[in-house]
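Undergrad: Here you go, this is run.cif (mmCIF, C-alpha atoms).
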data_protein
#
loop_
_atom_site.group_PDB
_atom_site.id
_atom_site.type_symbol
_atom_site.label_atom_id
_atom_site.label_comp_id
_atom_site.auth_asym_id
_atom_site.auth_seq_id
_atom_site.Cartn_x
_atom_site.Cartn_y
_atom_site.Cartn_z
ATOM 1 C CA MET I 1 3.791 15.618 4.208
ATOM 2 C CA GLN I 2 7.174 15.923 5.803
ATOM 3 C CA ASN I 3 5.936 15.214 9.306
ATOM 4 C CA ALA I 4 4.520 11.932 8.150
ATOM 5 C CA LEU I 5 7.759 11.097 6.359
ATOM 6 C CA ALA I 6 9.760 11.510 9.520
ATOM 7 C CA SER I 7 8.802 8.206 11.066
ATOM 8 C CA PRO I 8 10.079 5.237 9.028
ATOM 9 C CA ASP I 9 7.266 2.846 8.287
ATOM 10 C CA PRO I 10 7.847 0.535 5.315
ATOM 11 C CA ALA I 11 4.618 -1.293 6.129
ATOM 12 C CA LEU I 12 2.664 1.595 4.689
ATOM 13 C CA ASP I 13 3.686 0.395 1.250
ATOM 14 C CA ALA I 14 1.777 -2.819 1.924
ATOM 15 C CA VAL I 15 -1.272 -0.754 2.808
ATOM 16 C CA PHE I 16 -1.228 1.033 -0.536
ATOM 17 C CA ALA I 17 -0.628 -2.220 -2.407
ATOM 18 C CA ALA I 18 -3.578 -3.777 -0.585
ATOM 19 C CA LEU I 19 -5.801 -0.799 -1.383
ATOM 20 C CA ALA I 20 -4.862 -0.786 -5.077
ATOM 21 C CA ASP I 21 -7.232 -3.702 -5.765
ATOM 22 C CA PRO I 22 -10.935 -2.863 -6.355
ATOM 23 C CA THR I 23 -12.178 -6.138 -4.842
ATOM 24 C CA ARG I 24 -10.237 -5.494 -1.656
ATOM 25 C CA ARG I 25 -11.598 -1.956 -1.484
ATOM 26 C CA ALA I 26 -15.099 -3.376 -1.836
ATOM 27 C CA ILE I 27 -14.362 -5.844 0.959
ATOM 28 C CA LEU I 28 -13.194 -2.962 3.165
ATOM 29 C CA ALA I 29 -16.320 -0.978 2.328
ATOM 30 C CA ARG I 30 -18.425 -3.988 3.334
ATOM 31 C CA LEU I 31 -16.483 -4.351 6.595
ATOM 32 C CA ALA I 32 -17.142 -0.685 7.362
ATOM 33 C CA ASP I 33 -20.729 -1.813 8.030
ATOM 34 C CA GLY I 34 -19.565 -4.391 10.558
ATOM 35 C CA GLN I 35 -17.632 -7.631 10.787
ATOM 36 C CA ALA I 36 -18.314 -10.431 8.316
ATOM 37 C CA THR I 37 -17.279 -13.998 7.565
ATOM 38 C CA VAL I 38 -15.554 -15.298 4.436
ATOM 39 C CA SER I 39 -18.779 -16.648 2.966
ATOM 40 C CA GLU I 40 -20.644 -13.397 3.679
ATOM 41 C CA LEU I 41 -17.855 -11.415 2.037
ATOM 42 C CA GLY I 42 -17.677 -13.665 -1.028
ATOM 43 C CA ALA I 43 -21.411 -13.564 -1.799
ATOM 44 C CA PRO I 44 -21.616 -10.197 -3.635
ATOM 45 C CA PHE I 45 -18.600 -11.062 -5.827
ATOM 46 C CA ALA I 46 -19.546 -14.612 -6.876
ATOM 47 C CA MET I 47 -16.085 -15.482 -5.667
ATOM 48 C CA SER I 48 -14.775 -18.746 -4.261
ATOM 49 C CA GLN I 49 -13.974 -18.872 -0.563
ATOM 50 C CA PRO I 50 -10.245 -19.523 -1.203
ATOM 51 C CA ALA I 51 -10.158 -16.387 -3.410
ATOM 52 C CA VAL I 52 -11.805 -14.312 -0.672
ATOM 53 C CA SER I 53 -9.409 -15.778 1.863
ATOM 54 C CA ARG I 54 -6.440 -14.725 -0.259
ATOM 55 C CA HIS I 55 -7.724 -11.139 -0.387
ATOM 56 C CA LEU I 56 -8.326 -11.188 3.364
ATOM 57 C CA LYS I 57 -4.783 -12.414 3.910
ATOM 58 C CA VAL I 58 -3.385 -9.448 1.942
ATOM 59 C CA LEU I 59 -5.567 -7.046 3.944
ATOM 60 C CA GLU I 60 -4.592 -8.712 7.220
ATOM 61 C CA GLN I 61 -0.864 -8.567 6.417
ATOM 62 C CA ALA I 62 -1.232 -4.877 5.584
ATOM 63 C CA GLY I 63 -2.804 -4.426 9.013
ATOM 64 C CA LEU I 64 -6.080 -3.138 7.576
ATOM 65 C CA ILE I 65 -8.227 -5.867 9.103
ATOM 66 C CA ALA I 66 -8.078 -8.255 12.022
ATOM 67 C CA ARG I 67 -9.606 -11.715 12.312
ATOM 68 C CA LYS I 68 -10.639 -13.580 15.417
ATOM 69 C CA VAL I 69 -8.252 -16.480 15.875
ATOM 70 C CA ASP I 70 -10.364 -18.523 18.245
ATOM 71 C CA ALA I 71 -13.748 -18.350 16.560
ATOM 72 C CA GLN I 72 -14.440 -21.100 14.055
ATOM 73 C CA ARG I 73 -15.943 -18.773 11.441
ATOM 74 C CA ARG I 74 -13.096 -16.277 11.871
ATOM 75 C CA PRO I 75 -15.080 -13.120 11.098
ATOM 76 C CA ALA I 76 -12.982 -10.239 9.752
ATOM 77 C CA ARG I 77 -13.253 -6.679 11.011
ATOM 78 C CA LEU I 78 -11.660 -3.353 10.075
ATOM 79 C CA LYS I 79 -8.638 -1.985 11.889
ATOM 80 C CA ALA I 80 -8.691 1.767 12.000
ATOM 81 C CA ASP I 81 -5.154 2.930 12.787
ATOM 82 C CA ARG I 82 -3.466 1.651 9.627
ATOM 83 C CA MET I 83 -6.102 3.183 7.499
ATOM 84 C CA ALA I 84 -5.804 6.523 9.215
ATOM 85 C CA GLU I 85 -2.037 6.490 8.597
ATOM 86 C CA ALA I 86 -2.467 5.676 4.917
ATOM 87 C CA ALA I 87 -5.102 8.342 4.445
ATOM 88 C CA ASP I 88 -2.879 10.818 6.244
ATOM 89 C CA TRP I 89 0.144 10.070 4.040
ATOM 90 C CA LEU I 90 -1.824 10.402 0.819
ATOM 91 C CA ASP I 91 -3.478 13.539 2.056
ATOM 92 C CA GLN I 92 -0.157 15.136 2.940
ATOM 93 C CA PHE I 93 1.307 14.210 -0.446
ATOM 94 C CA ARG I 94 -1.687 15.698 -2.220
ATOM 95 C CA LYS I 95 -1.320 18.857 -0.227
ATOM 96 C CA PHE I 96 2.378 19.455 -0.879
ATOM 97 C CA TRP I 97 2.218 21.332 -4.174
ATOM 98 C CA THR I 98 -1.320 22.645 -3.784
ATOM 99 C CA GLY I 99 -0.418 23.982 -0.323
ATOM 100 C CA SER I 100 2.771 25.520 -1.692
ATOM 101 C CA PHE I 101 0.869 27.118 -4.570
ATOM 102 C CA ASP I 102 -1.568 28.646 -2.090
ATOM 103 C CA GLN I 103 1.409 30.215 -0.334
ATOM 104 C CA LEU I 104 2.822 31.363 -3.683
ATOM 105 C CA ASP I 105 -0.447 33.197 -4.274
ATOM 106 C CA THR I 106 0.117 35.111 -1.047
ATOM 107 C CA VAL I 107 3.729 35.959 -1.910
ATOM 108 C CA LEU I 108 2.690 37.189 -5.365
ATOM 109 C CA ALA I 109 -0.027 39.393 -3.863
ATOM 110 C CA GLU I 110 2.596 40.978 -1.602
ATOM 111 C CA MET I 111 5.001 41.460 -4.512
ATOM 112 C CA LYS I 112 2.250 43.147 -6.518
ATOM 113 C CA SER I 113 1.297 45.598 -3.791
ATOM 114 C CA ALA I 114 4.987 46.403 -3.190
ATOM 115 C CA ALA I 115 5.438 47.069 -6.923
ATOM 116 C CA GLU I 116 2.373 49.336 -6.929
ATOM 117 C CA ARG I 117 3.679 51.298 -3.936
ATOM 118 C CA ASN I 118 7.018 51.797 -5.689
ATOM 119 C CA ALA I 119 5.240 52.961 -8.854
ATOM 120 C CA GLN I 120 3.299 55.566 -6.847
ATOM 121 C CA ASN I 121 6.444 56.858 -5.161
ATOM 122 C CA ASP I 122 8.234 57.351 -8.495
ATOM 123 C CA MET L 1 8.615 6.523 -22.246
ATOM 124 C CA THR L 2 5.128 7.618 -23.227
ATOM 125 C CA ASP L 3 3.336 5.367 -20.727
ATOM 126 C CA LEU L 4 5.182 6.645 -17.658
ATOM 127 C CA PRO L 5 2.790 7.922 -14.995
ATOM 128 C CA GLU L 6 2.797 11.693 -14.664
ATOM 129 C CA TYR L 7 1.658 14.031 -11.922
ATOM 130 C CA VAL L 8 0.333 17.295 -13.332
ATOM 131 C CA LEU L 9 -0.786 20.377 -11.431
ATOM 132 C CA GLU L 10 -1.917 23.502 -13.264
ATOM 133 C CA ARG L 11 -2.695 26.756 -11.542
ATOM 134 C CA GLN L 12 -3.556 30.224 -12.778
ATOM 135 C CA PHE L 13 -1.841 33.018 -10.843
ATOM 136 C CA ASP L 14 -3.045 36.603 -10.851
ATOM 137 C CA ALA L 15 0.363 38.183 -11.523
ATOM 138 C CA PRO L 16 2.519 38.948 -14.562
ATOM 139 C CA ARG L 17 4.762 36.196 -15.832
ATOM 140 C CA GLU L 18 8.045 37.884 -14.925
ATOM 141 C CA MET L 19 6.825 38.292 -11.331
ATOM 142 C CA VAL L 20 5.821 34.628 -11.062
ATOM 143 C CA TRP L 21 9.185 33.645 -12.549
ATOM 144 C CA ARG L 22 10.945 35.794 -9.938
ATOM 145 C CA ALA L 23 8.987 34.143 -7.112
ATOM 146 C CA TRP L 24 10.262 30.769 -8.375
ATOM 147 C CA THR L 25 13.859 31.709 -9.041
ATOM 148 C CA ASP L 26 14.802 34.198 -6.304
ATOM 149 C CA PRO L 27 15.695 31.900 -3.377
ATOM 150 C CA ARG L 28 14.554 34.483 -0.792
ATOM 151 C CA LEU L 29 11.088 34.490 -2.350
ATOM 152 C CA LEU L 30 11.047 30.765 -3.120
ATOM 153 C CA ALA L 31 11.796 29.912 0.528
ATOM 154 C CA ARG L 32 8.705 31.864 1.581
ATOM 155 C CA TRP L 33 6.233 29.666 -0.265
ATOM 156 C CA TYR L 34 7.856 26.312 -1.076
ATOM 157 C CA GLY L 35 6.722 23.620 1.389
ATOM 158 C CA PRO L 36 3.360 24.033 3.099
ATOM 159 C CA ASN L 37 3.447 25.089 6.756
ATOM 160 C CA VAL L 38 7.143 24.401 7.240
ATOM 161 C CA GLU L 39 10.236 26.569 7.567
ATOM 162 C CA THR L 40 12.144 26.289 4.303
ATOM 163 C CA VAL L 41 15.906 26.888 4.282
ATOM 164 C CA ILE L 42 17.650 27.079 0.913
ATOM 165 C CA HIS L 43 21.289 26.097 1.374
ATOM 166 C CA GLU L 44 22.335 26.586 -2.233
ATOM 167 C CA PHE L 45 20.561 27.902 -5.305
ATOM 168 C CA ASP L 46 22.526 28.019 -8.533
ATOM 169 C CA LEU L 47 20.140 28.741 -11.385
ATOM 170 C CA ARG L 48 21.883 27.351 -14.464
ATOM 171 C CA PRO L 49 21.940 23.995 -16.244
ATOM 172 C CA GLY L 50 24.143 21.779 -14.070
ATOM 173 C CA GLY L 51 23.473 24.017 -11.048
ATOM 174 C CA VAL L 52 21.777 22.746 -7.899
ATOM 175 C CA TRP L 53 19.074 23.828 -5.438
ATOM 176 C CA LEU L 54 19.667 22.294 -2.001
ATOM 177 C CA ASN L 55 16.538 22.578 0.110
ATOM 178 C CA GLU L 56 15.786 21.827 3.746
ATOM 179 C CA MET L 57 12.336 21.882 5.293
ATOM 180 C CA LYS L 58 12.127 22.185 9.068
ATOM 181 C CA TRP L 59 9.333 21.654 11.504
ATOM 182 C CA ASP L 60 9.073 20.912 15.230
ATOM 183 C CA GLY L 61 11.988 18.603 15.909
ATOM 184 C CA GLY L 62 12.521 17.362 12.360
ATOM 185 C CA SER L 63 13.769 18.252 8.943
ATOM 186 C CA SER L 64 13.723 16.892 5.432
ATOM 187 C CA CYS L 65 16.260 17.533 2.685
ATOM 188 C CA SER L 66 15.981 17.431 -1.069
ATOM 189 C CA ARG L 67 18.022 18.462 -4.068
ATOM 190 C CA ALA L 68 17.055 19.735 -7.479
ATOM 191 C CA ASP L 69 19.618 19.429 -10.251
ATOM 192 C CA PHE L 70 18.705 21.954 -12.936
ATOM 193 C CA THR L 71 18.882 20.718 -16.519
ATOM 194 C CA GLU L 72 17.053 23.395 -18.543
ATOM 195 C CA ILE L 73 16.382 27.021 -17.836
ATOM 196 C CA GLU L 74 14.522 29.254 -20.252
ATOM 197 C CA THR L 75 14.102 32.572 -18.469
ATOM 198 C CA GLY L 76 10.471 33.433 -17.826
ATOM 199 C CA ALA L 77 9.173 30.337 -19.587
ATOM 200 C CA ARG L 78 10.536 27.005 -18.460
ATOM 201 C CA LEU L 79 12.367 25.310 -15.576
ATOM 202 C CA VAL L 80 13.430 21.659 -15.642
ATOM 203 C CA TRP L 81 15.181 19.770 -12.866
ATOM 204 C CA HIS L 82 15.821 16.311 -11.440
ATOM 205 C CA HIS L 83 14.194 16.159 -8.023
ATOM 206 C CA ALA L 84 15.363 13.820 -5.253
ATOM 207 C CA SER L 85 14.995 13.356 -1.513
ATOM 208 C CA THR L 86 18.407 13.282 0.149
ATOM 209 C CA ASP L 87 20.181 12.586 3.410
ATOM 210 C CA ARG L 88 21.737 15.487 5.325
ATOM 211 C CA GLN L 89 24.859 15.302 3.121
ATOM 212 C CA TRP L 90 22.684 15.842 0.019
ATOM 213 C CA ASN L 91 23.137 12.269 -1.226
ATOM 214 C CA VAL L 92 20.077 10.889 -2.996
ATOM 215 C CA ALA L 93 18.211 8.611 -0.576
ATOM 216 C CA SER L 94 15.066 6.555 -0.815
ATOM 217 C CA ASN L 95 12.040 7.580 1.188
ATOM 218 C CA PRO L 96 11.866 5.658 4.491
ATOM 219 C CA MET L 97 8.102 5.915 4.569
ATOM 220 C CA MET L 98 7.611 4.720 0.996
ATOM 221 C CA PRO L 99 10.620 2.626 -0.071
ATOM 222 C CA ASP L 100 9.271 2.247 -3.601
ATOM 223 C CA TRP L 101 8.714 5.958 -4.108
ATOM 224 C CA PRO L 102 10.806 6.995 -7.178
ATOM 225 C CA ARG L 103 14.206 8.309 -6.107
ATOM 226 C CA LEU L 104 14.345 10.701 -9.052
ATOM 227 C CA LEU L 105 11.485 12.749 -10.453
ATOM 228 C CA LEU L 106 11.894 14.678 -13.685
ATOM 229 C CA THR L 107 10.185 17.955 -12.806
ATOM 230 C CA ARG L 108 9.082 20.497 -15.413
ATOM 231 C CA VAL L 109 7.523 23.867 -14.724
ATOM 232 C CA ILE L 110 6.118 25.823 -17.651
ATOM 233 C CA PHE L 111 5.043 29.465 -17.359
ATOM 234 C CA THR L 112 2.533 30.844 -19.893
ATOM 235 C CA GLU L 113 0.735 34.190 -20.084
ATOM 236 C CA ALA L 114 -2.994 33.547 -19.844
ATOM 237 C CA SER L 115 -6.124 35.605 -19.096
ATOM 238 C CA GLY L 116 -4.134 38.591 -17.882
ATOM 239 C CA GLY L 117 -2.162 36.429 -15.465
ATOM 240 C CA THR L 118 0.179 33.467 -15.578
ATOM 241 C CA LEU L 119 -0.598 29.807 -16.018
ATOM 242 C CA VAL L 120 1.882 27.518 -14.256
ATOM 243 C CA ARG L 121 1.981 23.887 -15.286
ATOM 244 C CA LEU L 122 4.001 21.603 -13.013
ATOM 245 C CA SER L 123 4.614 17.994 -14.002
ATOM 246 C CA GLN L 124 6.606 15.173 -12.435
ATOM 247 C CA THR L 125 7.491 11.757 -13.884
ATOM 248 C CA PRO L 126 9.769 9.028 -12.479
ATOM 249 C CA MET L 127 13.303 8.909 -13.915
ATOM 250 C CA GLU L 128 15.641 5.935 -14.175
ATOM 251 C CA ALA L 129 12.961 4.152 -12.179
ATOM 252 C CA THR L 130 12.556 0.475 -11.359
ATOM 253 C CA GLU L 131 9.272 -1.215 -12.199
ATOM 254 C CA ALA L 132 8.343 -1.136 -8.515
ATOM 255 C CA GLU L 133 8.993 2.609 -8.394
ATOM 256 C CA ILE L 134 6.907 3.228 -11.506
ATOM 257 C CA ALA L 135 4.090 1.091 -10.098
ATOM 258 C CA CYS L 136 4.212 2.908 -6.751
ATOM 259 C CA PHE L 137 4.130 6.322 -8.441
ATOM 260 C CA ALA L 138 1.317 5.247 -10.791
ATOM 261 C CA LYS L 139 -0.710 4.080 -7.792
ATOM 262 C CA MET L 140 -0.249 7.377 -6.019
ATOM 263 C CA MET L 141 -0.946 9.424 -9.141
ATOM 264 C CA ALA L 142 -4.166 7.544 -9.723
ATOM 265 C CA GLY L 143 -5.037 8.875 -6.264
ATOM 266 C CA MET L 144 -4.883 12.383 -7.684
ATOM 267 C CA ASP L 145 -7.880 11.666 -9.889
ATOM 268 C CA LYS L 146 -10.758 9.254 -9.954
ATOM 269 C CA GLY L 147 -8.842 5.974 -10.150
ATOM 270 C CA TRP L 148 -7.514 6.017 -6.647
ATOM 271 C CA GLY L 149 -10.223 8.458 -5.713
ATOM 272 C CA SER L 150 -12.670 5.654 -5.120
ATOM 273 C CA GLY L 151 -10.265 3.991 -2.707
ATOM 274 C CA PHE L 152 -9.575 7.308 -1.064
ATOM 275 C CA ALA L 153 -13.278 8.111 -0.860
ATOM 276 C CA ILE L 154 -13.866 4.799 0.894
ATOM 277 C CA LEU L 155 -11.074 5.568 3.339
ATOM 278 C CA ALA L 156 -12.511 9.016 3.973
ATOM 279 C CA ASP L 157 -15.989 7.581 4.552
ATOM 280 C CA ILE L 158 -14.685 4.915 6.881
ATOM 281 C CA LEU L 159 -12.640 7.424 8.858
ATOM 282 C CA ALA L 160 -15.560 9.836 9.112
ATOM 283 C CA GLU L 161 -17.758 7.020 10.326
ATOM 284 C CA MET L 162 -15.221 5.969 12.930
ATOM 285 C CA GLN L 163 -14.880 9.532 14.146
ATOM 286 C CA SER L 164 -18.632 9.909 14.518
ATOM 287 C CA ASN L 165 -18.785 6.578 16.343
ATOM 288 C CA SER L 166 -16.101 7.612 18.803
ATOM 289 C CA THR L 167 -17.774 10.878 19.772
#
Translate this file's structure into structure tokens.
TA:
Amino acid sequence: MQNALASPDPALDAVFAALADPTRRAILARLADGQATVSELGAPFAMSQPAVSRHLKVLEQAGLIARKVDAQRRPARLKADRMAEAADWLDQFRKFWTGSFDQLDTVLAEMKSAAERNAQND
Amino acid sequence: MTDLPEYVLERQFDAPREMVWRAWTDPRLLARWYGPNVETVIHEFDLRPGGVWLNEMKWDGGSSCSRADFTEIETGARLVWHHASTDRQWNVASNPMMPDWPRLLLTRVIFTEASGGTLVRLSQTPMEATEAEIACFAKMMAGMDKGWGSGFAILADILAEMQSNST
């Protein structure tokens, strides 16, 4: 986790905030299948286009998606790098204590065999 | 107080309780396992209420410092400290990567004899935290179980898909 913490990146907070919403996660899952327009994205949620647009804006500001500026329908598509960073950070956090505990297991095994050797020598 | 988010990790270790306690409280042993895949340097370790553990983790070209201010010590059974990331002068500092990460985490470790070994229960909750800090921690903790798991699973799927597409 510490390697990831080394490079300051406040924007990552926006990524987690964006991902905290189930509708936005569903939108991302849909975009994983390919780019889509606002009306295509709104259909499965029975959601108004302005509501979908607001969610897309949050995702876009977090850097999780990109939208074509020139095209009239402005289809949205996933951006990979941000997501990889977020997944990496979470993953490293999750691994901090579990990884340490794995190492503690090893240290304890060594302590036990040292104690047994001492007992035999006595 | 009761609705504060809490991170809990329980693990059974195949060693007697006094040995597990020693691995946690002898700084030479602690430095060998604390912090995954990094070099851990313990600058100070004063095991008493009011005492402090100053910890540095080093890796290629970087390091990260933290301090633990001990508040309760019950030999062989219970360790409680206030955990904080710090600058190099050991002043509490917010996390540059996650500005809303709680600056202080109340950390409790409980050691219990169980099934011929030792059960260690580690828990962390935000202390003196702002609403933003509590919300940030809650979000991350939900990631430890199913709540955030769905979001994380989606991320994992998407990343796997992108990797297979790029090969």
Undergrad: Env of Phe137 in chain L: 7 Å cut, atoms = all atoms listed in the file, seq-sep filter 5 positions within chain, self excluded. Answer as a list in words.
TA: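 Answer for this query is Pro5, Trp101 and Pro102 of chain L.
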Undergrad: Rank nothing, just name the residue among I:Val52, I:Ser39, I:Ala62, I:Ala114 nearest to Ala20 in chain I, using only C-alpha atoms.
TA: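 Between I:Val52, I:Ser39, I:Ala62, I:Ala114, the residue approaching Ala20 in chain I most closely is I:Ala62.
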Undergrad: Could you check how far CA of Met57 in chain L sits from CA of Gly35 in chain L, in Å to one decimal?
TA: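 According to the coordinates, CA of Met57 in chain L and CA of Gly35 in chain L are separated by 7.1 Å.
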Undergrad: When you count all atoms listed in the file, which of these residues is closest to chain L: I:Ala76, I:Glu110, I:Phe96, I:Glu116?
TA: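 Between I:Ala76, I:Glu110, I:Phe96, I:Glu116, the residue approaching chain L most closely is I:Phe96.
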Undergrad: Applying 6 Å and all atoms listed in the file, which residues near Leu104 in chain L remain after dropping the ones on its own chain fewer than 4 positions away? List them as number ranges by chain.
TA: L: 83-84, 126-127
Undergrad: Could you check which of L:Pro49, L:Glu39, L:Ser64, L:Glu44 is closest to Arg88 in chain L, using only C-alpha atoms?
TA: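 For Arg88 in chain L, the nearest of the candidates is L:Ser64.
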Undergrad: Quick one: distance from CA of Glu6 in chain L to CA of Thr125 in chain L in Å, one decimal?
TA: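 Taking CA of Glu6 in chain L and CA of Thr125 in chain L, their separation equals 4.8 Å.
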Undergrad: May I ask which of the residues I:Ala51, I:Ala36, I:Ala119, I:Ala43 is the closest one to Arg74 in chain I, counting all atoms listed in the file?
TA: I:Ala36
Undergrad: Suppose you want the space between CA of Leu119 in chain L and CA of Arg17 in chain L; what is it in Å?
TA: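 Computed distance, CA of Leu119 in chain L to CA of Arg17 in chain L, equals 8.3 Å.
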Undergrad: Carefully work through the PyMOL selection byres ((chain I and resi 21) around 12) for this structure and note down the residues it includes, as a CSV table (one decimal) with C-alpha atoms, in the frame of the given file.
TA:
chain,number,residue,atom,x,y,z
I,14,ALA,CA,1.8,-2.8,1.9
I,15,VAL,CA,-1.3,-0.8,2.8
I,16,PHE,CA,-1.2,1.0,-0.5
I,17,ALA,CA,-0.6,-2.2,-2.4
I,18,ALA,CA,-3.6,-3.8,-0.6
I,19,LEU,CA,-5.8,-0.8,-1.4
I,20,ALA,CA,-4.9,-0.8,-5.1
I,22,PRO,CA,-10.9,-2.9,-6.4
I,23,THR,CA,-12.2,-6.1,-4.8
I,24,ARG,CA,-10.2,-5.5,-1.7
I,25,ARG,CA,-11.6,-2.0,-1.5
I,26,ALA,CA,-15.1,-3.4,-1.8
I,27,ILE,CA,-14.4,-5.8,1.0
I,28,LEU,CA,-13.2,-3.0,3.2
I,55,HIS,CA,-7.7,-11.1,-0.4
I,56,LEU,CA,-8.3,-11.2,3.4
I,58,VAL,CA,-3.4,-9.4,1.9
I,59,LEU,CA,-5.6,-7.0,3.9
L,139,LYS,CA,-0.7,4.1,-7.8
L,147,GLY,CA,-8.8,6.0,-10.2
L,148,TRP,CA,-7.5,6.0,-6.6
L,150,SER,CA,-12.7,5.7,-5.1
L,151,GLY,CA,-10.3,4.0,-2.7
Undergrad: Tell me which of L:Ala31, L:Leu9, L:Ala135, L:Met140 sits closest to Leu104 in chain I, counting only C-alpha atoms.
TA: L:Ala31
Undergrad: Any chance you could resolve the PyMOL selection byres ((chain I and resi 78) around 6) against this file and give the residues as JSON, numbers by chain?
TA: {"I": [65, 77, 79]}
Undergrad: So which one's closest to chain L, I:Thr106, I:Ser48, I:Gln72, I:Thr37? Using only C-alpha atoms, please.
TA: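 Nearest to chain L: I:Thr106.
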Undergrad: Starting from the shown file, work through the PyMOL selection byres ((chain L and resi 52) around 6) and note down what comes out as a PyMOL selection string.
TA: chain L and resi 45-46+51+53+68-70
Undergrad: Neighbours of Gln89 in chain L within 10 Å (all atoms listed in the file; same-chain residues fewer than 3 positions away dropped), as a PyMOL selection string?
TA: chain L and resi 65+86+92
Undergrad: Could those residues be written to a file, using C-alpha atoms, as a JSON list (two decimals), in the coordinates of the input?
TA:
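To be explicit, this is the file written out as result.json:
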[["chain", "number", "residue", "atom", "x", "y", "z"],
["L", 65, "CYS", "CA", 16.26, 17.53, 2.68],
["L", 86, "THR", "CA", 18.41, 13.28, 0.15],
["L", 92, "VAL", "CA", 20.08, 10.89, -3.00]]
Undergrad: How would range 99-112 of chain I look with N, CA and C atoms restored, written as a PDB file, in the coordinates of the input?
TA:
ATOM      1  N   GLY I  99      -0.657  23.126  -1.486  1.00  0.00           N
ATOM      2  CA  GLY I  99      -0.418  23.982  -0.323  1.00  0.00           C
ATOM      3  C   GLY I  99       0.656  25.022  -0.621  1.00  0.00           C
ATOM      4  N   SER I 100       1.713  24.587  -1.326  1.00  0.00           N
ATOM      5  CA  SER I 100       2.771  25.520  -1.692  1.00  0.00           C
ATOM      6  C   SER I 100       2.234  26.588  -2.641  1.00  0.00           C
ATOM      7  N   PHE I 101       1.420  26.153  -3.605  1.00  0.00           N
ATOM      8  CA  PHE I 101       0.869  27.118  -4.570  1.00  0.00           C
ATOM      9  C   PHE I 101      -0.047  28.131  -3.881  1.00  0.00           C
ATOM     10  N   ASP I 102      -0.757  27.693  -2.861  1.00  0.00           N
ATOM     11  CA  ASP I 102      -1.568  28.646  -2.090  1.00  0.00           C
ATOM     12  C   ASP I 102      -0.664  29.719  -1.482  1.00  0.00           C
ATOM     13  N   GLN I 103       0.472  29.258  -0.940  1.00  0.00           N
ATOM     14  CA  GLN I 103       1.409  30.215  -0.334  1.00  0.00           C
ATOM     15  C   GLN I 103       2.033  31.113  -1.394  1.00  0.00           C
ATOM     16  N   LEU I 104       2.280  30.554  -2.586  1.00  0.00           N
ATOM     17  CA  LEU I 104       2.822  31.363  -3.683  1.00  0.00           C
ATOM     18  C   LEU I 104       1.852  32.481  -4.045  1.00  0.00           C
ATOM     19  N   ASP I 105       0.572  32.178  -4.028  1.00  0.00           N
ATOM     20  CA  ASP I 105      -0.447  33.197  -4.274  1.00  0.00           C
ATOM     21  C   ASP I 105      -0.263  34.386  -3.327  1.00  0.00           C
ATOM     22  N   THR I 106      -0.058  34.070  -2.058  1.00  0.00           N
ATOM     23  CA  THR I 106       0.117  35.111  -1.047  1.00  0.00           C
ATOM     24  C   THR I 106       1.372  35.936  -1.321  1.00  0.00           C
ATOM     25  N   VAL I 107       2.475  35.255  -1.635  1.00  0.00           N
ATOM     26  CA  VAL I 107       3.729  35.959  -1.910  1.00  0.00           C
ATOM     27  C   VAL I 107       3.567  36.873  -3.115  1.00  0.00           C
ATOM     28  N   LEU I 108       2.887  36.375  -4.158  1.00  0.00           N
ATOM     29  CA  LEU I 108       2.690  37.189  -5.365  1.00  0.00           C
ATOM     30  C   LEU I 108       1.831  38.427  -5.062  1.00  0.00           C
ATOM     31  N   ALA I 109       0.828  38.257  -4.222  1.00  0.00           N
ATOM     32  CA  ALA I 109      -0.027  39.393  -3.863  1.00  0.00           C
ATOM     33  C   ALA I 109       0.809  40.464  -3.162  1.00  0.00           C
ATOM     34  N   GLU I 110       1.729  40.018  -2.293  1.00  0.00           N
ATOM     35  CA  GLU I 110       2.596  40.978  -1.602  1.00  0.00           C
ATOM     36  C   GLU I 110       3.554  41.655  -2.578  1.00  0.00           C
ATOM     37  N   MET I 111       4.088  40.886  -3.515  1.00  0.00           N
ATOM     38  CA  MET I 111       5.001  41.460  -4.512  1.00  0.00           C
ATOM     39  C   MET I 111       4.270  42.515  -5.352  1.00  0.00           C
ATOM     40  N   LYS I 112       3.018  42.207  -5.696  1.00  0.00           N
ATOM     41  CA  LYS I 112       2.250  43.147  -6.518  1.00  0.00           C
ATOM     42  C   LYS I 112       1.988  44.448  -5.776  1.00  0.00           C
TER      43      LYS I 112
END
